[in-house]
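Peer 1: Here you go, one structure.
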Amino acid sequence: MGMPSILLVTKSQKVSQTFERNLRTFFDSRIDVITLSQWQEMNENLQDKIGVILLSTRKLLDSLPDVLADIPFLVARRNIEMTRLPQLMEVSAGTKCLLVANDLITAEDSVEFLRRLGFQHLDFVPYGPEIEMPVTELKKIDLAITHGWPEFVPDHFNRVIDLHNRPIDLTTIFDIAQLFNLSIEKAHYYTADFFRDFVQLGRNLAISVNNEKQLKTKLESILNAVHEGIIGIDKHGYITFFNEDAGKILHLRTEHCINKRFQEIIPDFQVEEVFESREEISDQLLEMRNLYLLVTKIPLMLDGQFLGVVVTFQDVTKVQRIEQEIRKKSTHLGLTAKYHFDNIIGMSQAITSTKEVAVKVSTSDYTVLITGENGTGKEIFAQAIHQNSSRKDMPFVPVNFAGLTESLVESELFGYEEGSFTGAKKGGKIGLFELAHNGTIFLDEIGDAPLSIQAALLRVLQERQVMRVGGNRVIPINVRVIAATNRNLMEMVQKGMFREDLYYRLNVLPLRIPALNERREDILILIEHFLQKKNTNLILSSEVKNSLLEYHWPGNIRELENFVNYLTVIVEGEVGLHHIPERIKNGQVGQTQSSVETELAFPRENGGEIEQILFLLMRNGSLSDYEDILANLLLCSKRQQRIGRGVLNSMLSKPLTEARIRNRLAILNRSGCISVGQKKQQGTQITLLGIQVLQRIKNLNVIEQAFQNRI
Ligand SMILES: Nc1ncnc2c1ncn2[C@@H]1O[C@H](COP(=O)(O)OP(=O)(O)OP(=O)(O)O)[C@@H](O)[C@H]1O
C-alpha cells in the first residue's frame with residue numbers, strides 16, 4: 001500500500017484548510033490529504049487510493065458520490081482554540097449572543113459545543129446566512145460570536161468575538177493514526193501545547209480573579225473610606241454594593257441590603273428616574289426619614305451599554321440646620337411666627353368656622369390666599385397656619401408689599417450678588433425667598449405688588465427657584481406661600497392691574513377672614529382679652545359696653561386693640577361714656593372700610609378734637625411714625641424751612657416707604673396737623689394743631705412710661 005490518503009469532506013474551504021493544517025502537525029508528509037473538490041477534478045479511479053474519508057459533519061455523508069460509498073469514513077470531533085476563550089469569559093451572564101456560522105446547523109452545533117464547555121450562562125441564538133431575522137430582533141442582541149465566519153455577521157453588530165475555526169480533536173487524530181498504523185511522535189507536543197494553553201488560560205484566569213479580588217477589596221476600602229454613602233445598583237435593579245457610610249446614614253446593615261431590589265431599600269431616592277432617562281441627576285436635595293440628603297445618581301454606561309446606577313449621597317441635615325440658624329441669626333427680621341390658632345380670640349360662629357377651615361388648610365402644603373378687611377387678623381391667621389404645619393420649626397418670613405418700593409422689591413425678594421449695582425453690600429445679600437427656604441413666605445398686601453414684580457413672583461412660584469439680582473446661579477427653594485390682601489384681586493385682574501395667571505396660582509386655597517362687624521358677639525371678648533394683655537383692672541360701664549357693641553369698627557380688631565390701649569393710658573378705674581371718643585358714641589354704622597374722610601366728619605370744635613385726631617392716627621399706623629414726622633416738621637418750622645416729602649423722609653429716625661409716608665402725610669394734612677403746599681417747592685409745614693397733637697403724643701408717652709414703671 002502506498003502513502004495513506006485522507007479525503008476531506010467539509011462544507012467550506014476554510015475548514016478544509018484548518019483540518020489539513022492539523023493533520024500535517026501530526027503526520028507531516030506521511031499522509032496524502034485531498035479535498036473532495038480536488039478529487040472530483042481528478043480521475044475517478046483514484047478512489048481506490050483513499051484510505052479514509054474525514055467529514056467535518058455527519059450530515060455531509062448524504063452528499064458523497066456513490067463511488068465513495070464503500071470507503072471507511074470518520075466524522076471529525078472538534079475542539080476549540082483555548083487561547084480564544086478568555087474573550088468569551090469576559091462576557092457577563094445573561095448576555096444575548098448571536099452565534100454565527102456558515103449555516104444554521106453548524107451554528108446550532110457550535111451552541112451545543114459551547115454549552116458543553118460550560119457557557120450555559122450565556123443566552124445563545126444560533127444564526128446562519130439562510131435565516132431571515134428582522135433587524136428589530138437582531139438589535140435586541142448584544143453581541144455576535146462566530147467560529148471563523150465573521151463575513152456572515154449581520155452589519156450592525158459592534159461587538160464581535162471570533163473564536164476562529166475549530167481544530168480537529170486529538171481523539172480523531174488517534175483514530176486516524178490507528179487506522180493507518182502510523183506512529184504519532186509529536187502527539188506529546190500537541191498535548192503539551194494543549195495543556196500549556198490550558199494552564200496559561202487557568203493562570204490568566206487565576207491572576208485576573210485575584211486581581212479582581214484585590215481590586216474589589218481596594219475599591220471597597222476606598223469607597224468605605226469616603227465619607228459619603230455609595231450604593232451600586234445593577235441593570236436589573238438589584239443592589240450590588242452598599243458602603244459603610246450608606247449604612248451609617250440610613251441606619252441599615254450592608255448585608256441586609258445587598259442583592260435586594262433598590263425599591264425595597266431606598267424607595268425615597270427616586271432612582272427609577274435614572275433607569276428611565278439614563279441621565280445623571282446631581283446634587284438633588286431630598287428630604288426623607290427626618291434627614292436632608294444631597295444625592296447624586298449616575299447611570300453606568302460601558303460601550304453604549306447600560307450597566308446600572310451608582311447613587312452617592314451625603315447627610316446634610318446638620319448643614320441645613322446650621323444654615324437655617326445662620327440665616328435666622330444673620331437677619332433681624334424675627335423669622336418666627338408667634339401666633340397659634342389658640343391665640344385667635346373669638347367664639348362667634350363666623351370666626352370658629354374660619355378657624356376650622358384654616359386648621360385643615362394648614363396641614364396641606366398648598367398656596368393660600370387670605371382675604372379680609374384691614375385689621376381683621378389676616379397675618380395672625382397666616383402665622384397660625386405656619387405654626388400648625390410641618391414647617392413650624394422653619395422660618396416664617398413676612399413681606400409687606402405696601403411697604404416696599406418698586407426699586408427695592410426685587411433685591412429684597414430675591415437678594416443680590418456682590419457688586420451687582422452701586423450701593424450693593426459686600427458679599428451680596430440673601431433674599432427673602434431664600435430666607436424662607438423650607439419655611440413659609442407670607443406675601444402681605446399682595447395687591448400692592450407692582451406688575452413687574454408680579455411677573456417675577458409668578459416665575460418663582462412656577463419654578464420654585466430664584467436667581468439673585470446680578471447672579472447667574474439658580475437657587476432651588478422649598479417654600480410654602482401664603483398671600484394676603486384686603487383688595488378685590490379679581491376686580492384688579494379685570495382692570496389689568498393684577499396678573500390673572502398669578503391670581504390663580506395664589507388662589508389655590510382661599511380663606512376669607514370675617515370683619516369684626518360680622519361677629520359682634522366677639523367684641524366684648526376681644527376687649528377683655530386686650531385688657532388682660534395690658535394687665536389692667538379697668539372696668540367698663542354697661543353704657544360704655546353698649547356703645548362699643550353698636551359701633552361698626554371699620555378698622556376691625558386693630559382699631560379695637562388700639563382703642564383699648566388708648567383707654568389704658570388715659571383712664572384709671574372705671575371707664576365712663578365721657579372717655580369714649582364721639583364717633584364711637586355716635587355709632588358710625590354703615591361704613592365698610594376705615595376711611596380718612598369719614599373720620600374727619602367729626603366736629604372738631606369740641607374739647608375732644610385732639611383725642612379724635614390721636615385716635616384717627618392710631619387707627620392708621622403707629623403713633624411713633626406720626627410723632628417722628630411732626631417733630632421733624634416742627635424742627636424745620638423753627639428753622640423757617642419748608643421741606644418736601646423726600647427730604648422729610650430722610651430726616652426721620654426710621655425712614656418710611658414711599659407709599660407709607662405719602663399715606664401718613666395725607667392723614668396729617670386732612671386732620672389739619674400739617675399744611676401741604678399746592679406746588680412742589682412750597683413744601684410741607686406743621687400747623688398749630690399739629691404742634692398740639694405732637695405735644696399730646698409726647699404727654700401720652702410720658703404717661704405710658706409712668707404707667708409701665710408702676711406695673
Ligand atoms: N382673632 C384675633 N384674636 C386676637 N387678636 C387678633 C385677632 N385678630 C386680629 N388680632 C390682632 O389685631 C391686629 C391686626 O391683625 P393682623 O395684622 O393680623 O391683621 P391684618 O388683617 O393682617 O391687617 P392688615 O390688612 O392691616 O395688614 C394684630 O395686633 C392682631 O394681634
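Scheme for the C-alpha cells: letters A, B, ... for chains in order shown; per-chain residue numbers from 1; ligand numbers from 1 in order shown.
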Could you pull out the strand (DSSP E or B) residues of range 340-429 of chain A from DSSP and send them as a PyMOL selection string?
Peer 2: chain A and resi 368-371+396-400+415-416+429
Peer 1: The selected residues should be written to file as a short mmCIF file (atom, residue, chain, number, x, y, z; two decimals), in the first residue's frame (atoms: N, CA and C atoms).
Peer 2:
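File written: selection.cif
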data_model
loop_
_atom_site.label_atom_id
_atom_site.label_comp_id
_atom_site.auth_asym_id
_atom_site.auth_seq_id
_atom_site.Cartn_x
_atom_site.Cartn_y
_atom_site.Cartn_z
N VAL A 368 -51.99 79.53 49.90
CA VAL A 368 -53.24 80.03 50.49
C VAL A 368 -53.38 81.51 50.15
N LEU A 369 -54.59 81.93 49.82
CA LEU A 369 -54.83 83.36 49.64
C LEU A 369 -55.84 83.80 50.70
N ILE A 370 -55.35 84.66 51.63
CA ILE A 370 -56.22 85.12 52.71
C ILE A 370 -56.77 86.50 52.33
N THR A 371 -58.07 86.64 52.40
CA THR A 371 -58.66 87.95 52.10
C THR A 371 -59.42 88.43 53.32
N PHE A 396 -40.65 81.75 59.24
CA PHE A 396 -41.87 82.36 58.70
C PHE A 396 -41.43 83.77 58.28
N VAL A 397 -41.44 84.05 57.00
CA VAL A 397 -40.90 85.33 56.53
C VAL A 397 -42.00 86.20 55.95
N PRO A 398 -42.36 87.29 56.67
CA PRO A 398 -43.39 88.17 56.13
C PRO A 398 -42.79 89.20 55.17
N VAL A 399 -43.47 89.46 54.09
CA VAL A 399 -43.05 90.50 53.15
C VAL A 399 -44.26 91.39 52.95
N ASN A 400 -44.09 92.70 53.24
CA ASN A 400 -45.24 93.57 53.06
C ASN A 400 -45.04 94.41 51.80
N GLY A 415 -32.69 88.83 46.65
CA GLY A 415 -31.31 89.03 47.05
C GLY A 415 -30.47 89.52 45.88
N TYR A 416 -29.21 89.82 46.15
CA TYR A 416 -28.33 90.24 45.06
C TYR A 416 -26.91 89.76 45.31
N LYS A 429 -26.42 89.96 49.19
CA LYS A 429 -27.46 89.90 50.21
C LYS A 429 -28.43 88.77 49.91
#
Peer 1: Counting only C-alpha atoms, what is within 9 Å of Ile610 in chain A, bar same-chain residues fewer than 5 positions away, as a ChimeraX atom specification?
Peer 2: /A:604,615,689,692-693,696
Peer 1: For the residues in the current selection, export N, CA and C atoms as an mmCIF file, in the first residue's frame.
Peer 2:
data_model
loop_
_atom_site.group_PDB
_atom_site.id
_atom_site.type_symbol
_atom_site.label_atom_id
_atom_site.label_comp_id
_atom_site.auth_asym_id
_atom_site.auth_seq_id
_atom_site.Cartn_x
_atom_site.Cartn_y
_atom_site.Cartn_z
ATOM 1 N N ARG A 604 -64.853 119.238 65.066
ATOM 2 C CA ARG A 604 -63.537 119.459 65.684
ATOM 3 C C ARG A 604 -63.603 120.407 66.871
ATOM 4 N N PHE A 615 -56.823 109.388 67.951
ATOM 5 C CA PHE A 615 -57.466 108.114 67.679
ATOM 6 C C PHE A 615 -57.373 107.734 66.206
ATOM 7 N N LEU A 689 -52.311 123.180 65.237
ATOM 8 C CA LEU A 689 -52.977 121.968 65.712
ATOM 9 C C LEU A 689 -51.984 120.794 65.727
ATOM 10 N N GLN A 692 -49.936 120.945 68.739
ATOM 11 C CA GLN A 692 -50.688 120.477 69.917
ATOM 12 C C GLN A 692 -50.771 118.939 69.937
ATOM 13 N N VAL A 693 -51.012 118.394 68.782
ATOM 14 C CA VAL A 693 -51.107 116.925 68.692
ATOM 15 C C VAL A 693 -49.768 116.285 69.072
ATOM 16 N N ARG A 696 -49.358 116.356 72.657
ATOM 17 C CA ARG A 696 -50.230 115.366 73.282
ATOM 18 C C ARG A 696 -49.606 113.951 73.181
#
Peer 1: Taking only C-alpha atoms and all ligand atoms into account, report as an mmCIF file with N, CA and C atoms, in the first residue's frame which residues have an atom no farther than 10 Å from an atom of ligand 1.
Peer 2:
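Contents of the output file out_16.cif:
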data_model
loop_
_atom_site.group_PDB
_atom_site.id
_atom_site.type_symbol
_atom_site.label_atom_id
_atom_site.label_comp_id
_atom_site.auth_asym_id
_atom_site.auth_seq_id
_atom_site.Cartn_x
_atom_site.Cartn_y
_atom_site.Cartn_z
ATOM 1 N N TYR A 339 -47.933 83.430 66.629
ATOM 2 C CA TYR A 339 -49.343 83.124 66.865
ATOM 3 C C TYR A 339 -49.706 81.691 66.514
ATOM 4 N N PHE A 341 -53.299 78.906 66.567
ATOM 5 C CA PHE A 341 -54.756 79.036 66.463
ATOM 6 C C PHE A 341 -55.377 79.387 67.821
ATOM 7 N N ASP A 342 -54.735 78.927 68.901
ATOM 8 C CA ASP A 342 -55.282 79.230 70.237
ATOM 9 C C ASP A 342 -55.268 80.721 70.535
ATOM 10 N N ASN A 343 -54.368 81.447 69.872
ATOM 11 C CA ASN A 343 -54.277 82.882 70.140
ATOM 12 C C ASN A 343 -55.303 83.682 69.354
ATOM 13 N N ILE A 344 -56.027 83.016 68.486
ATOM 14 C CA ILE A 344 -57.033 83.735 67.711
ATOM 15 C C ILE A 344 -58.324 83.730 68.528
ATOM 16 N N ILE A 345 -58.622 84.907 69.070
ATOM 17 C CA ILE A 345 -59.714 85.005 70.039
ATOM 18 C C ILE A 345 -61.047 85.168 69.325
ATOM 19 N N GLY A 346 -62.088 84.526 69.878
ATOM 20 C CA GLY A 346 -63.442 84.689 69.334
ATOM 21 C C GLY A 346 -64.222 83.406 69.484
ATOM 22 N N MET A 347 -65.531 83.600 69.798
ATOM 23 C CA MET A 347 -66.399 82.434 70.000
ATOM 24 C C MET A 347 -67.488 82.398 68.939
ATOM 25 N N ILE A 351 -66.030 83.198 63.261
ATOM 26 C CA ILE A 351 -64.581 83.002 63.452
ATOM 27 C C ILE A 351 -64.262 81.529 63.703
ATOM 28 N N THR A 352 -65.157 80.799 64.408
ATOM 29 C CA THR A 352 -64.823 79.388 64.656
ATOM 30 C C THR A 352 -64.823 78.591 63.356
ATOM 31 N N LYS A 355 -61.698 79.373 61.539
ATOM 32 C CA LYS A 355 -60.557 78.675 62.153
ATOM 33 C C LYS A 355 -60.524 77.197 61.735
ATOM 34 N N ILE A 370 -55.349 84.658 51.631
ATOM 35 C CA ILE A 370 -56.223 85.123 52.709
ATOM 36 C C ILE A 370 -56.768 86.499 52.329
ATOM 37 N N THR A 371 -58.065 86.643 52.395
ATOM 38 C CA THR A 371 -58.659 87.954 52.101
ATOM 39 C C THR A 371 -59.425 88.432 53.318
ATOM 40 N N GLY A 372 -59.594 89.727 53.411
ATOM 41 C CA GLY A 372 -60.340 90.306 54.533
ATOM 42 C C GLY A 372 -59.976 91.773 54.665
ATOM 43 N N GLU A 373 -60.836 92.511 55.386
ATOM 44 C CA GLU A 373 -60.579 93.948 55.554
ATOM 45 C C GLU A 373 -59.324 94.170 56.391
ATOM 46 N N ASN A 374 -58.894 95.421 56.430
ATOM 47 C CA ASN A 374 -57.733 95.778 57.254
ATOM 48 C C ASN A 374 -57.975 95.417 58.705
ATOM 49 N N GLY A 375 -56.955 94.886 59.334
ATOM 50 C CA GLY A 375 -57.019 94.648 60.767
ATOM 51 C C GLY A 375 -57.914 93.501 61.196
ATOM 52 N N THR A 376 -58.306 92.629 60.287
ATOM 53 C CA THR A 376 -59.182 91.506 60.672
ATOM 54 C C THR A 376 -58.388 90.337 61.244
ATOM 55 N N GLY A 377 -57.075 90.349 61.058
ATOM 56 C CA GLY A 377 -56.255 89.261 61.598
ATOM 57 C C GLY A 377 -55.694 88.354 60.521
ATOM 58 N N LYS A 378 -55.507 88.902 59.321
ATOM 59 C CA LYS A 378 -55.002 88.058 58.217
ATOM 60 C C LYS A 378 -53.609 87.523 58.546
ATOM 61 N N GLU A 379 -52.774 88.421 59.096
ATOM 62 C CA GLU A 379 -51.405 87.960 59.374
ATOM 63 C C GLU A 379 -51.378 86.935 60.500
ATOM 64 N N ILE A 380 -52.246 87.134 61.520
ATOM 65 C CA ILE A 380 -52.155 86.130 62.598
ATOM 66 C C ILE A 380 -52.688 84.785 62.123
ATOM 67 N N PHE A 381 -53.610 84.789 61.193
ATOM 68 C CA PHE A 381 -54.059 83.521 60.597
ATOM 69 C C PHE A 381 -52.904 82.875 59.825
ATOM 70 N N ALA A 382 -52.165 83.710 59.067
ATOM 71 C CA ALA A 382 -51.040 83.174 58.286
ATOM 72 C C ALA A 382 -50.021 82.528 59.232
ATOM 73 N N GLN A 383 -49.751 83.223 60.361
ATOM 74 C CA GLN A 383 -48.780 82.691 61.319
ATOM 75 C C GLN A 383 -49.277 81.382 61.924
ATOM 76 N N ASN A 400 -44.090 92.696 53.242
ATOM 77 C CA ASN A 400 -45.235 93.574 53.059
ATOM 78 C C ASN A 400 -45.038 94.405 51.800
ATOM 79 N N ALA A 402 -46.896 96.619 50.538
ATOM 80 C CA ALA A 402 -47.254 98.039 50.634
ATOM 81 C C ALA A 402 -46.048 98.817 51.140
ATOM 82 N N ASP A 444 -47.753 89.701 52.158
ATOM 83 C CA ASP A 444 -48.843 90.526 52.663
ATOM 84 C C ASP A 444 -49.104 91.673 51.692
ATOM 85 N N GLU A 445 -50.353 92.107 51.629
ATOM 86 C CA GLU A 445 -50.761 93.193 50.722
ATOM 87 C C GLU A 445 -50.288 92.898 49.303
ATOM 88 N N ALA A 484 -51.813 87.511 51.234
ATOM 89 C CA ALA A 484 -52.979 88.146 51.847
ATOM 90 C C ALA A 484 -53.247 89.481 51.173
ATOM 91 N N THR A 485 -54.500 89.876 51.177
ATOM 92 C CA THR A 485 -54.853 91.180 50.610
ATOM 93 C C THR A 485 -56.195 91.637 51.152
ATOM 94 N N ASN A 486 -56.341 92.968 51.207
ATOM 95 C CA ASN A 486 -57.659 93.495 51.563
ATOM 96 C C ASN A 486 -58.333 94.028 50.308
ATOM 97 N N ARG A 487 -57.682 93.807 49.162
ATOM 98 C CA ARG A 487 -58.237 94.326 47.911
ATOM 99 C C ARG A 487 -58.950 93.216 47.155
ATOM 100 N N ILE A 513 -61.322 86.093 55.965
ATOM 101 C CA ILE A 513 -61.429 86.368 57.398
ATOM 102 C C ILE A 513 -62.589 87.354 57.594
ATOM 103 N N PRO A 514 -63.553 86.996 58.450
ATOM 104 C CA PRO A 514 -64.717 87.883 58.602
ATOM 105 C C PRO A 514 -64.342 89.197 59.290
ATOM 106 N N ALA A 515 -65.062 90.261 58.915
ATOM 107 C CA ALA A 515 -64.843 91.561 59.562
ATOM 108 C C ALA A 515 -65.429 91.501 60.967
ATOM 109 N N LEU A 516 -64.992 92.420 61.822
ATOM 110 C CA LEU A 516 -65.466 92.381 63.213
ATOM 111 C C LEU A 516 -66.983 92.603 63.286
ATOM 112 N N ASP A 522 -68.117 88.839 69.428
ATOM 113 C CA ASP A 522 -66.714 88.721 69.879
ATOM 114 C C ASP A 522 -66.149 90.040 70.422
ATOM 115 N N ILE A 525 -65.509 90.061 74.144
ATOM 116 C CA ILE A 525 -64.485 89.032 74.444
ATOM 117 C C ILE A 525 -63.100 89.566 74.081
ATOM 118 N N LEU A 526 -63.043 90.228 72.934
ATOM 119 C CA LEU A 526 -61.750 90.765 72.489
ATOM 120 C C LEU A 526 -61.283 91.898 73.400
ATOM 121 N N ILE A 527 -62.247 92.765 73.813
ATOM 122 C CA ILE A 527 -61.854 93.873 74.707
ATOM 123 C C ILE A 527 -61.260 93.293 75.988
ATOM 124 N N HIS A 529 -59.868 90.447 76.373
ATOM 125 C CA HIS A 529 -58.563 89.853 76.053
ATOM 126 C C HIS A 529 -57.461 90.914 76.019
ATOM 127 N N PHE A 530 -57.750 92.035 75.344
ATOM 128 C CA PHE A 530 -56.705 93.076 75.233
ATOM 129 C C PHE A 530 -56.449 93.757 76.578
ATOM 130 N N GLY A 555 -62.067 99.705 61.410
ATOM 131 C CA GLY A 555 -60.647 99.295 61.411
ATOM 132 C C GLY A 555 -60.473 97.921 62.042
ATOM 133 N N ASN A 556 -61.614 97.270 62.307
ATOM 134 C CA ASN A 556 -61.618 95.907 62.823
ATOM 135 C C ASN A 556 -60.814 95.730 64.113
ATOM 136 N N ILE A 557 -60.162 94.580 64.270
ATOM 137 C CA ILE A 557 -59.551 94.256 65.568
ATOM 138 C C ILE A 557 -58.376 95.173 65.888
ATOM 139 N N ARG A 558 -57.682 95.621 64.825
ATOM 140 C CA ARG A 558 -56.568 96.535 65.101
ATOM 141 C C ARG A 558 -57.112 97.809 65.754
ATOM 142 N N GLU A 559 -58.218 98.298 65.251
ATOM 143 C CA GLU A 559 -58.817 99.517 65.800
ATOM 144 C C GLU A 559 -59.257 99.263 67.244
ATOM 145 N N LEU A 560 -59.865 98.093 67.460
ATOM 146 C CA LEU A 560 -60.332 97.746 68.800
ATOM 147 C C LEU A 560 -59.159 97.672 69.776
ATOM 148 N N GLU A 561 -58.072 97.059 69.333
ATOM 149 C CA GLU A 561 -56.889 96.910 70.188
ATOM 150 C C GLU A 561 -56.293 98.280 70.510
ATOM 151 N N ASN A 562 -56.202 99.140 69.485
ATOM 152 C CA ASN A 562 -55.671 100.488 69.711
ATOM 153 C C ASN A 562 -56.560 101.261 70.683
ATOM 154 N N ARG A 619 -55.378 104.606 64.512
ATOM 155 C CA ARG A 619 -56.049 103.620 63.657
ATOM 156 C C ARG A 619 -55.383 103.468 62.300
ATOM 157 N N ASN A 620 -54.589 104.446 61.966
ATOM 158 C CA ASN A 620 -53.969 104.409 60.640
ATOM 159 C C ASN A 620 -52.448 104.376 60.732
ATOM 160 N N GLY A 621 -51.941 103.515 61.542
ATOM 161 C CA GLY A 621 -50.481 103.389 61.628
ATOM 162 C C GLY A 621 -50.035 103.576 63.059
#
Peer 1: I'd like the neighbourhood of Pro129 in chain A as a PDB file with N, CA and C atoms, in the first residue's frame, where a residue qualifies if any of its atoms comes within 10 Å (using only C-alpha atoms), though same-chain residues fewer than 3 positions away should be ignored.
Peer 2:
ATOM      1  N   VAL A 100     -22.953  32.898  15.091  1.00  0.00           N
ATOM      2  CA  VAL A 100     -22.993  32.949  13.639  1.00  0.00           C
ATOM      3  C   VAL A 100     -22.091  31.872  13.026  1.00  0.00           C
ATOM      4  N   ALA A 101     -22.650  31.123  12.075  1.00  0.00           N
ATOM      5  CA  ALA A 101     -21.822  30.165  11.331  1.00  0.00           C
ATOM      6  C   ALA A 101     -22.202  30.260   9.850  1.00  0.00           C
ATOM      7  N   ASN A 102     -21.613  29.385   9.014  1.00  0.00           N
ATOM      8  CA  ASN A 102     -21.913  29.452   7.577  1.00  0.00           C
ATOM      9  C   ASN A 102     -23.284  28.854   7.266  1.00  0.00           C
ATOM     10  N   ASP A 103     -23.839  28.076   8.232  1.00  0.00           N
ATOM     11  CA  ASP A 103     -25.243  27.672   8.099  1.00  0.00           C
ATOM     12  C   ASP A 103     -25.813  27.419   9.492  1.00  0.00           C
ATOM     13  N   LEU A 104     -27.125  27.317   9.557  1.00  0.00           N
ATOM     14  CA  LEU A 104     -27.788  27.209  10.855  1.00  0.00           C
ATOM     15  C   LEU A 104     -27.367  25.948  11.598  1.00  0.00           C
ATOM     16  N   GLU A 132     -33.713  34.491   7.922  1.00  0.00           N
ATOM     17  CA  GLU A 132     -34.134  35.887   7.770  1.00  0.00           C
ATOM     18  C   GLU A 132     -34.639  36.373   9.117  1.00  0.00           C
ATOM     19  N   MET A 133     -33.809  37.152   9.774  1.00  0.00           N
ATOM     20  CA  MET A 133     -34.206  37.626  11.100  1.00  0.00           C
ATOM     21  C   MET A 133     -34.458  39.130  11.005  1.00  0.00           C
ATOM     22  N   GLU A 151     -17.645  37.023   8.157  1.00  0.00           N
ATOM     23  CA  GLU A 151     -18.316  37.599   6.979  1.00  0.00           C
ATOM     24  C   GLU A 151     -19.834  37.399   7.013  1.00  0.00           C
ATOM     25  N   PHE A 152     -20.302  36.465   7.843  1.00  0.00           N
ATOM     26  CA  PHE A 152     -21.756  36.249   7.917  1.00  0.00           C
ATOM     27  C   PHE A 152     -22.437  37.005   9.070  1.00  0.00           C
ATOM     28  N   VAL A 153     -21.622  37.760   9.841  1.00  0.00           N
ATOM     29  CA  VAL A 153     -22.212  38.511  10.963  1.00  0.00           C
ATOM     30  C   VAL A 153     -23.010  39.681  10.396  1.00  0.00           C
ATOM     31  N   PRO A 154     -24.289  39.800  10.771  1.00  0.00           N
ATOM     32  CA  PRO A 154     -25.082  40.930  10.240  1.00  0.00           C
ATOM     33  C   PRO A 154     -24.424  42.277  10.572  1.00  0.00           C
TER      34      PRO A 154
END
Peer 1: Pick out the closest residue to Glu356 in chain A from this set: A:Met89, A:Val125, A:Ile686, A:Ala384. Count only C-alpha atoms.
Peer 2: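 Ranking A:Met89, A:Val125, A:Ile686, A:Ala384 by distance to Glu356 in chain A, first place goes to A:Ala384.
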Peer 1: List the spatial neighbours of Gln284 in chain A as a list in words - criterion: any atom at most 10 Å away, only C-alpha atoms, same-chain residues fewer than 2 positions off excluded.
Peer 2: Phe269, Ile281, Ser282, Leu286, Glu287, Leu293, Leu294, Val295, Thr296, Lys297, Phe313 and Pro476 of chain A
Peer 1: Env of Arg664 in chain A: 12 Å cut, atoms = only C-alpha atoms, seq-sep filter 2 positions within chain, self excluded. Answer as a ChimeraX atom specification.
Peer 2: /A:596,616-630,645,649,656-662,666-671,673-674
Peer 1: Might you pull out every residue within 9 Å of Gly247 in chain A, with only C-alpha atoms counted and same-chain residues fewer than 6 positions away left off, and present them as a VMD selection string?
Peer 2: chain A and resid 229 253 to 254 257
Peer 1: Distance CA of Ser650 in chain A-CA of Gln454 in chain A, one decimal place?
Peer 2: 28.4 Å
Peer 1: Need to verify the contact set: Leu60 in chain A, 9 Å, only C-alpha atoms, exclusion of same-chain residues closer than 5 positions in sequence. Can you return it as a list in words?
Peer 2: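 Returned residues: Val9, Thr10, Lys11 and Leu55 of chain A.
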Peer 1: Pull N, CA and C atoms from the residues just selected and write them as a compact mmCIF listing (two decimals), in the first residue's frame.
Peer 2:
# COMPACT_ATOMS: atom_id res chain seq x y z
N VAL A 9 -13.92 16.02 3.57
CA VAL A 9 -15.22 16.49 3.08
C VAL A 9 -15.77 17.50 4.10
N THR A 10 -15.71 18.72 3.71
CA THR A 10 -16.15 19.81 4.61
C THR A 10 -17.08 20.74 3.83
N LYS A 11 -17.78 21.60 4.57
CA LYS A 11 -18.70 22.49 3.87
C LYS A 11 -17.99 23.70 3.31
N LEU A 55 -15.01 13.55 7.54
CA LEU A 55 -16.12 14.50 7.34
C LEU A 55 -16.13 15.53 8.48
